[in-house]
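Trainee: Input entry-v6.cif, format and content: mmCIF, C-alpha atoms.
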data_data
loop_
_atom_site.label_atom_id
_atom_site.label_comp_id
_atom_site.auth_asym_id
_atom_site.auth_seq_id
_atom_site.Cartn_x
_atom_site.Cartn_y
_atom_site.Cartn_z
CA MET A 1 107.64 56.24 196.32
CA GLY A 2 104.36 55.01 194.83
CA HIS A 3 102.47 58.18 195.68
CA ARG A 4 105.25 60.38 194.31
CA ALA A 5 105.39 58.38 191.05
CA LEU A 6 101.60 58.63 190.78
CA ARG A 7 101.71 62.40 191.31
CA VAL A 8 104.44 62.84 188.70
CA ALA A 9 102.58 60.62 186.21
CA THR A 10 99.35 62.56 186.83
CA TRP A 11 101.20 65.83 186.28
CA PHE A 12 102.53 64.45 182.97
CA PHE A 13 99.04 63.36 181.95
CA SER A 14 97.62 66.79 182.73
CA TRP A 15 100.38 68.38 180.66
CA LEU A 16 99.85 65.99 177.74
CA ALA A 17 96.06 66.09 177.57
CA PRO A 18 94.40 68.94 175.68
CA ARG A 19 92.66 71.42 177.98
CA SER A 20 89.18 70.42 176.80
CA GLN A 21 89.73 66.74 177.69
CA ARG A 22 92.09 67.15 180.68
CA GLU A 23 89.61 66.73 183.53
CA ALA A 24 87.90 63.74 181.92
CA VAL A 25 91.18 61.95 181.08
CA ILE A 26 92.70 62.42 184.56
CA GLY A 27 89.37 61.51 186.19
CA ASP A 28 89.05 58.32 184.10
CA LEU A 29 92.58 57.28 185.02
CA ALA A 30 91.99 58.02 188.71
CA GLU A 31 88.80 55.93 188.63
CA GLU A 32 90.53 52.97 186.98
CA TYR A 33 93.55 53.26 189.27
CA VAL A 34 91.33 53.11 192.39
CA ALA A 35 89.43 50.13 190.95
CA ARG A 36 92.64 48.26 190.12
CA ALA A 37 94.30 49.10 193.45
CA SER A 38 91.29 47.69 195.33
CA THR A 39 91.13 44.43 193.35
CA ALA A 40 94.87 43.86 192.82
CA SER A 41 97.79 45.63 194.54
CA SER A 42 98.81 49.28 194.57
CA SER A 43 102.07 48.48 192.77
CA ALA A 44 100.22 46.61 189.99
CA ALA A 45 97.82 49.55 189.65
CA LEU A 46 100.75 51.97 189.52
CA LYS A 47 102.45 49.87 186.81
CA TRP A 48 99.23 49.94 184.79
CA TYR A 49 99.03 53.72 185.29
CA LEU A 50 102.61 54.24 184.08
CA ARG A 51 101.99 51.95 181.07
CA GLN A 52 98.93 54.05 180.26
CA LEU A 53 101.07 57.19 180.44
CA CYS A 54 103.62 55.80 177.94
CA ALA A 55 100.95 54.48 175.55
CA SER A 56 98.78 57.60 175.77
CA ALA A 57 101.54 60.15 175.14
CA PRO A 58 101.56 59.95 171.28
CA PRO A 59 97.74 60.10 170.75
CA LEU A 60 97.28 62.86 173.36
CA LEU A 61 100.08 64.91 171.82
CA TRP A 62 98.49 64.34 168.42
CA ILE A 63 95.16 65.74 169.65
CA ARG A 64 96.97 68.78 171.07
CA LEU A 65 98.82 69.42 167.83
CA THR A 66 95.85 68.95 165.54
CA ARG A 67 93.33 70.80 167.74
CA THR A 68 95.58 73.76 168.54
CA THR A 69 95.13 75.46 165.21
CA TRP A 70 97.91 78.04 165.34
CA ILE A 71 100.60 75.46 166.23
CA ALA A 72 99.52 73.20 163.39
CA THR A 73 99.35 76.13 160.96
CA LEU A 74 102.79 77.35 161.99
CA GLY A 75 104.16 73.79 161.75
CA VAL A 76 102.85 73.37 158.21
CA ALA A 77 104.13 76.83 157.21
CA LEU A 78 107.58 76.08 158.64
CA SER A 79 107.70 72.74 156.81
CA GLY A 80 106.73 74.58 153.60
CA TYR A 81 109.48 77.12 154.22
CA VAL A 82 112.06 74.34 154.56
CA ALA A 83 110.70 72.69 151.40
CA VAL A 84 111.05 75.97 149.45
CA ALA A 85 114.65 76.35 150.67
CA VAL A 86 115.47 72.76 149.63
CA VAL A 87 113.91 73.29 146.17
CA GLU A 88 115.91 76.50 145.73
CA LEU A 89 119.14 74.78 146.76
CA ILE A 90 118.55 71.87 144.36
CA VAL A 91 117.66 74.18 141.44
CA ASN A 92 120.72 76.38 142.04
CA TRP A 93 122.92 73.31 142.31
CA ALA A 94 121.52 71.93 139.05
CA ILE A 95 122.03 75.26 137.23
CA ALA A 96 125.58 75.60 138.57
CA ASN A 97 126.42 72.07 137.40
CA SER A 98 124.92 72.53 133.94
CA SER A 99 126.44 75.95 133.18
CA THR A 100 129.99 76.17 131.88
CA THR A 101 130.95 79.04 134.17
CA GLY A 102 129.25 77.59 137.25
CA ALA A 103 127.59 80.95 137.98
CA VAL A 104 124.12 80.86 139.56
CA ALA A 105 123.83 84.41 140.86
CA TYR A 106 120.89 86.40 139.50
CA ASN A 107 119.92 83.76 136.98
CA PRO A 108 116.27 84.20 135.86
CA LEU A 109 116.19 80.54 134.84
CA GLY A 110 116.31 79.57 138.51
CA MET A 111 113.19 81.63 139.22
CA PHE A 112 111.31 80.14 136.26
CA ILE A 113 112.08 76.61 137.39
CA THR A 114 111.41 77.29 141.08
CA PHE A 115 108.11 79.13 140.54
CA PRO A 116 105.82 76.13 139.76
CA MET A 117 107.43 74.10 142.52
CA VAL A 118 106.74 76.86 145.05
CA VAL A 119 103.14 77.05 143.76
CA LEU A 120 102.88 73.31 144.44
CA ILE A 121 104.30 73.75 147.96
CA GLY A 122 101.74 76.53 148.59
CA TYR A 123 98.95 74.26 147.35
CA ILE A 124 100.06 71.36 149.57
CA ALA A 125 100.43 73.67 152.62
CA ALA A 126 96.90 75.03 152.04
CA ARG A 127 95.51 71.51 151.76
CA PHE A 128 96.83 70.71 155.24
CA ARG A 129 95.81 74.05 156.78
CA CYS A 130 93.97 76.83 154.94
CA ALA A 131 95.90 79.57 156.78
CA ALA A 132 99.29 77.87 156.26
CA ALA A 133 99.74 79.26 152.72
CA VAL A 134 99.15 82.83 153.90
CA THR A 135 101.50 82.30 156.86
CA LEU A 136 104.15 80.85 154.57
CA ALA A 137 103.82 83.76 152.13
CA ALA A 138 104.20 86.22 155.03
CA MET A 139 107.26 84.33 156.29
CA MET A 140 108.84 84.47 152.84
CA LEU A 141 108.09 88.17 152.51
CA LEU A 142 109.67 88.84 155.91
CA SER A 143 112.77 86.80 155.15
CA VAL A 144 113.21 88.49 151.74
CA THR A 145 112.87 91.91 153.40
CA ALA A 146 115.43 90.96 156.05
CA MET A 147 117.84 89.60 153.43
CA THR A 148 117.45 92.76 151.31
CA LEU A 149 118.01 95.07 154.28
CA TRP A 150 121.11 93.27 155.52
CA ALA A 151 122.58 92.23 152.18
CA THR A 152 126.19 93.41 151.84
CA GLU A 153 126.62 92.72 148.11
CA SER A 154 125.00 94.83 145.40
CA VAL A 155 121.95 93.13 143.90
CA PRO A 156 120.37 94.15 140.53
CA THR A 157 117.05 95.97 141.00
CA TRP A 158 115.12 93.57 138.72
CA TYR A 159 116.30 90.63 140.80
CA ARG A 160 115.37 92.38 144.03
CA ILE A 161 111.83 93.16 142.79
CA ALA A 162 111.39 89.68 141.33
CA TYR A 163 112.63 88.10 144.55
CA PHE A 164 110.04 90.11 146.50
CA LEU A 165 107.21 89.05 144.21
CA VAL A 166 107.93 85.54 142.98
CA GLY A 167 108.04 83.55 146.24
CA PRO A 168 105.03 85.06 148.03
CA ALA A 169 103.02 85.25 144.77
CA ALA A 170 103.70 81.58 144.04
CA ILE A 171 102.52 80.61 147.52
CA PHE A 172 99.38 82.77 147.18
CA ILE A 173 98.61 81.12 143.83
CA GLY A 174 99.06 77.67 145.38
CA GLY A 175 96.69 78.60 148.20
CA ALA A 176 94.17 80.07 145.75
CA VAL A 177 94.25 76.90 143.62
CA ASN A 178 93.45 74.88 146.72
CA SER A 179 90.50 77.14 147.58
CA LEU A 180 89.05 76.45 144.11
CA ARG A 181 88.61 72.76 145.00
CA PRO A 182 84.94 71.84 145.52
CA ALA A 183 84.02 71.48 149.19
CA ARG A 184 83.36 67.91 150.29
CA MET B 1 84.60 52.83 168.90
CA LEU B 2 81.17 53.83 167.57
CA LEU B 3 79.85 50.36 168.36
CA ALA B 4 81.15 50.65 171.92
CA VAL B 5 79.45 54.04 172.37
CA MET B 6 76.23 52.59 170.93
CA ARG B 7 76.33 49.51 173.18
CA LEU B 8 76.99 51.55 176.31
CA GLY B 9 74.18 54.01 175.64
CA SER B 10 73.92 56.68 178.33
CA ASN B 11 76.87 55.23 180.29
CA ALA B 12 79.51 55.80 177.58
CA TYR B 13 82.53 57.62 178.96
CA GLY B 14 86.31 57.07 178.78
CA VAL B 15 86.55 54.22 181.33
CA THR B 16 83.54 52.23 180.09
CA VAL B 17 84.43 52.69 176.41
CA ARG B 18 88.01 51.54 177.09
CA ARG B 19 86.78 48.47 179.04
CA GLU B 20 84.19 47.61 176.38
CA ILE B 21 86.82 47.60 173.63
CA GLU B 22 89.30 45.74 175.83
CA SER B 23 86.79 42.99 176.65
CA ALA B 24 85.66 42.67 173.03
CA THR B 25 89.12 42.62 171.44
CA GLY B 26 91.24 41.25 174.30
CA ARG B 27 93.73 44.05 173.75
CA ASP B 28 94.96 46.56 176.30
CA ILE B 29 94.06 49.93 174.85
CA SER B 30 95.34 53.27 176.17
CA ILE B 31 93.02 55.99 177.41
CA GLY B 32 94.87 58.44 175.15
CA ALA B 33 94.00 56.38 172.07
CA VAL B 34 90.35 56.24 173.19
CA TYR B 35 90.15 60.01 173.57
CA ALA B 36 92.01 60.70 170.32
CA THR B 37 89.37 58.67 168.45
CA LEU B 38 86.41 60.09 170.41
CA VAL B 39 87.57 63.67 169.75
CA ARG B 40 87.92 62.90 166.03
CA LEU B 41 84.45 61.29 165.88
CA GLU B 42 82.98 64.29 167.70
CA SER B 43 84.60 66.72 165.25
CA LYS B 44 82.95 64.73 162.43
CA GLY B 45 79.57 65.04 164.15
CA LEU B 46 79.17 61.29 164.66
CA ILE B 47 79.02 61.56 168.47
CA LYS B 48 78.25 64.31 170.98
CA SER B 49 79.70 64.84 174.43
CA SER B 50 78.42 66.32 177.67
CA THR B 51 79.97 66.81 181.09
CA GLY B 52 78.62 64.88 184.09
CA GLU B 53 78.83 65.55 187.80
CA PRO B 54 82.19 65.35 189.64
CA THR B 55 82.56 62.24 191.81
CA ALA B 56 84.80 61.44 194.81
CA GLU B 57 86.18 58.20 193.29
CA ARG B 58 87.56 60.30 190.43
CA GLY B 59 89.23 62.81 192.75
CA GLY B 60 86.40 65.30 192.28
CA ARG B 61 86.70 65.30 188.50
CA ALA B 62 83.70 65.17 186.18
CA LYS B 63 83.03 62.47 183.58
CA ARG B 64 82.66 63.28 179.92
CA PHE B 65 79.76 61.29 178.50
CA PHE B 66 79.51 60.50 174.79
CA ARG B 67 76.39 59.64 172.86
CA MET B 68 75.72 58.71 169.27
CA THR B 69 74.18 61.29 166.93
CA ALA B 70 71.77 60.49 164.09
CA ASP B 71 74.67 60.91 161.63
CA GLY B 72 76.77 58.49 163.69
CA ALA B 73 74.00 55.87 163.71
CA GLY B 74 73.53 56.30 159.94
CA SER B 75 77.24 55.95 159.29
CA LEU B 76 77.41 52.83 161.46
CA ARG B 77 74.41 51.26 159.65
CA ASN B 78 76.07 51.98 156.30
CA THR B 79 79.34 50.38 157.33
CA HIS B 80 77.52 47.38 158.79
CA GLU B 81 75.55 46.86 155.57
CA ILE B 82 78.73 47.06 153.49
CA ILE B 83 80.47 44.51 155.73
CA LEU B 84 77.47 42.17 155.50
CA LYS B 85 77.28 42.51 151.70
CA MET B 86 80.97 41.97 151.15
CA SER B 87 81.26 39.05 153.54
CA ALA B 88 78.11 37.25 152.37
CA GLY B 89 78.92 33.78 151.07
CA LEU B 90 82.60 33.87 151.99
CA LYS B 91 83.35 30.42 153.34
CA GLY B 92 86.69 31.42 154.82
CA LEU B 93 84.95 33.61 157.39
CA GLN B 94 82.87 30.83 158.94
CA ALA B 95 84.03 29.56 162.34
CA THR B 96 85.49 26.04 162.21
#
Just dump the structure as structure tokens.

Mentor:
Amino acid sequence: MGHRALRVATWFFSWLAPRSQREAVIGDLAEEYVARASTASSSAALKWYLRQLCASAPPLLWIRLTRTTWIATLGVALSGYVAVAVVELIVNWAIANSSTTGAVAYNPLGMFITFPMVVLIGYIAARFRCAAAVTLAAMMLLSVTAMTLWATESVPTWYRIAYFLVGPAAIFIGGAVNSLRPAR
Amino acid sequence: MLLAVMRLGSNAYGVTVRREIESATGRDISIGAVYATLVRLESKGLIKSSTGEPTAERGGRAKRFFRMTADGAGSLRNTHEIILKMSAGLKGLQAT
């Protein structure tokens, strides 16, 4: 039972630890486990080992997420994408509520209001990860292309062109503003 | 963490750093937290790491030794000076 639990815990540790630190982390734990098992009991050492596993999981996962660049970049870009969608929903809702007809379709006002907010989202994304703004702009371009290709309703040409340009351009501007910051 | 690495000198690796902090603070600290901080300090150039020889007591796994860089020592001196300056003359800090 003890050996099996130890093997499973070690497997979890090796999965959690980033590749560059894996051998050292598992080795350190093995060394401490042996030392504790020889001075106390095996069960006490195993309990300590399992406690270490629970307490180490968040910081080890954090190292993995922050050191694995592409995951972090994709995470930031996805968060930015969600933020853009939320902003768009709120702006459309506000326009629909303020207009007498309740129509929001193809309203240029929505784009004017959304534009600076998307620039801000691009700026924030680039501050977290330099490549996140570019990734986010590419994601927006892809989603706009997909929506245009599979759209069933007829969309005015000006709106289609503007939709293609506004989102990705705003994100690029946000990223460019961030790159103008002096390096620390 | 930097103080622990400095105190341990050439014998600073995960186990010894963890024990040093545990004995100084009286708190049980996880090995994951130790490595998260060491990795961050290394990325800032305050410490450097090197791999040691594998040993049997560690199941044939090598140790990762950490040592202070000149930048790390400078940063530590700075912080120490600031703490000394700001705490000078504070009566509330004296042991009763």

Trainee: Which residues would end up in the selection if the PyMOL selection byres ((chain A) within 12 of (chain B)) were applied here, given that I need the answer as number ranges by chain?

Mentor: A: 10, 13-14, 16-18, 20-35, 38, 48-67

Trainee: Give the answer as one residue: which of B:Ala88, B:Ala4, B:Ala12, B:Leu76 has the shortest atom-to-atom distance to Ser50 (chain B), using all atoms listed in the file?

Mentor: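 Counting all atoms listed in the file, the residue closest to Ser50 (chain B) is B:Ala12.
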
Trainee: Please measure the separation of CA of Tyr163 (chain A) and CA of Ala85 (chain A), giving the value in Å to one decimal.

Mentor: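 Separation of CA of Tyr163 (chain A) and CA of Ala85 (chain A): 13.4 Å.
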
Trainee: Kindly give the distance, in Å, that separates CA of Leu38 (chain B) and CA of Thr73 (chain A), rounded to a single decimal.

Mentor: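 Pair CA of Leu38 (chain B) / CA of Thr73 (chain A) returns 22.7 Å.
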
Trainee: Write out as number ranges by chain each polymer residue whose atoms come within 8 Å of Ile121 (chain A), counting all atoms listed in the file; drop sequence neighbours fewer than 5 positions from it.

Mentor: A: 80, 83-84, 171, 174

Trainee: Find the residues near Ser79 (chain A): any atom within 12 Å, counting all atoms listed in the file, skip ones fewer than 4 places away on the same chain, and give them as a PyMOL selection string.

Mentor: chain A and resi 72-75+83-86+121-122+124-125+128-129+132-133+135-136+139

Trainee: With all atoms listed in the file as the counted atoms, please give the residues lying no more than 12 Å from His3 (chain A), apart from itself and same-chain residues fewer than 2 positions off, as a PDB file with C-alpha atoms, in the coordinates of the input.

Mentor:
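Saved as part28.pdb:
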ATOM      1  CA  MET A   1     107.640  56.240 196.320  1.00  0.00           C
ATOM      2  CA  ALA A   5     105.390  58.380 191.050  1.00  0.00           C
ATOM      3  CA  LEU A   6     101.600  58.630 190.780  1.00  0.00           C
ATOM      4  CA  ARG A   7     101.710  62.400 191.310  1.00  0.00           C
ATOM      5  CA  VAL A   8     104.440  62.840 188.700  1.00  0.00           C
ATOM      6  CA  ALA A   9     102.580  60.620 186.210  1.00  0.00           C
ATOM      7  CA  THR A  10      99.350  62.560 186.830  1.00  0.00           C
ATOM      8  CA  SER A  42      98.810  49.280 194.570  1.00  0.00           C
ATOM      9  CA  SER A  43     102.070  48.480 192.770  1.00  0.00           C
ATOM     10  CA  ALA A  45      97.820  49.550 189.650  1.00  0.00           C
ATOM     11  CA  LEU A  46     100.750  51.970 189.520  1.00  0.00           C
ATOM     12  CA  TYR A  49      99.030  53.720 185.290  1.00  0.00           C
TER      13      TYR A  49
END

Trainee: Would you kindly return, as a VMD selection string, each protein, DNA or RNA residue with an atom no farther than 10 Å from any atom of Gly74 (chain B), considering all atoms listed in the file and excluding same-chain residues fewer than 6 positions away?

Mentor: chain B and resid 46 68 80

Trainee: Using all atoms listed in the file, which protein or nucleic acid residues come within 9 Å of Asn11 (chain B)? Drop anything in the same chain fewer than 3 positions from it, and give the result as JSON, numbers by chain.

Mentor: {"B": [5, 8, 16, 17, 65, 66, 67]}

Trainee: Rounded to one decimal, what separation in Å do you get between CA of Leu180 (chain A) and CA of Phe115 (chain A)?

Mentor: 19.6 Å

Trainee: Show me the residues around (113.4, 91.2, 149.2) - criterion: an atom at most 9 Å away, all atoms listed in the file counted - as a ChimeraX atom specification.

Mentor: /A:140-149,159-165

Trainee: Save N, CA and C atoms of region 62-86 of chain A from the block above as a short mmCIF file (atom, residue, chain, number, x, y, z; two decimals), in the first residue's frame.

Mentor:
data_model
loop_
_atom_site.label_atom_id
_atom_site.label_comp_id
_atom_site.auth_asym_id
_atom_site.auth_seq_id
_atom_site.Cartn_x
_atom_site.Cartn_y
_atom_site.Cartn_z
N TRP A 62 2.44 26.47 -11.63
CA TRP A 62 2.70 27.88 -11.98
C TRP A 62 4.00 28.00 -12.79
N ILE A 63 5.05 27.27 -12.34
CA ILE A 63 6.32 27.32 -13.09
C ILE A 63 6.08 26.80 -14.51
N ARG A 64 5.34 25.68 -14.60
CA ARG A 64 5.09 25.09 -15.92
C ARG A 64 4.38 26.07 -16.83
N LEU A 65 3.35 26.73 -16.28
CA LEU A 65 2.56 27.65 -17.10
C LEU A 65 3.36 28.88 -17.52
N THR A 66 4.15 29.41 -16.59
CA THR A 66 4.87 30.65 -16.91
C THR A 66 6.14 30.39 -17.72
N ARG A 67 6.72 29.18 -17.58
CA ARG A 67 7.95 28.89 -18.33
C ARG A 67 7.65 28.34 -19.72
N THR A 68 6.49 27.68 -19.87
CA THR A 68 6.15 27.16 -21.20
C THR A 68 5.51 28.29 -21.97
N THR A 69 6.31 28.96 -22.76
CA THR A 69 5.90 30.22 -23.37
C THR A 69 4.64 30.12 -24.20
N TRP A 70 4.53 29.09 -25.04
CA TRP A 70 3.40 29.06 -25.97
C TRP A 70 2.08 28.88 -25.23
N ILE A 71 2.09 28.11 -24.12
CA ILE A 71 0.84 27.90 -23.36
C ILE A 71 0.42 29.23 -22.75
N ALA A 72 1.38 29.92 -22.15
CA ALA A 72 1.07 31.21 -21.52
C ALA A 72 0.57 32.21 -22.56
N THR A 73 1.24 32.24 -23.72
CA THR A 73 0.84 33.17 -24.78
C THR A 73 -0.58 32.86 -25.26
N LEU A 74 -0.84 31.58 -25.47
CA LEU A 74 -2.18 31.16 -25.92
C LEU A 74 -3.23 31.48 -24.85
N GLY A 75 -2.87 31.26 -23.59
CA GLY A 75 -3.79 31.55 -22.48
C GLY A 75 -4.15 33.03 -22.44
N VAL A 76 -3.14 33.88 -22.59
CA VAL A 76 -3.38 35.33 -22.57
C VAL A 76 -4.23 35.74 -23.77
N ALA A 77 -3.89 35.16 -24.95
CA ALA A 77 -4.65 35.49 -26.17
C ALA A 77 -6.11 35.06 -26.05
N LEU A 78 -6.32 33.87 -25.49
CA LEU A 78 -7.70 33.38 -25.31
C LEU A 78 -8.48 34.27 -24.34
N SER A 79 -7.81 34.68 -23.26
CA SER A 79 -8.46 35.57 -22.29
C SER A 79 -8.83 36.89 -22.97
N GLY A 80 -7.91 37.39 -23.81
CA GLY A 80 -8.17 38.63 -24.57
C GLY A 80 -9.36 38.46 -25.50
N TYR A 81 -9.43 37.29 -26.14
CA TYR A 81 -10.52 37.00 -27.06
C TYR A 81 -11.87 37.05 -26.33
N VAL A 82 -11.90 36.44 -25.14
CA VAL A 82 -13.13 36.44 -24.32
C VAL A 82 -13.47 37.87 -23.93
N ALA A 83 -12.45 38.63 -23.55
CA ALA A 83 -12.66 40.03 -23.14
C ALA A 83 -13.26 40.85 -24.29
N VAL A 84 -12.74 40.64 -25.51
CA VAL A 84 -13.27 41.36 -26.68
C VAL A 84 -14.73 40.99 -26.89
N ALA A 85 -15.05 39.70 -26.78
CA ALA A 85 -16.44 39.24 -26.97
C ALA A 85 -17.36 39.89 -25.93
N VAL A 86 -16.89 39.95 -24.69
CA VAL A 86 -17.70 40.54 -23.60
C VAL A 86 -17.93 42.03 -23.88
#
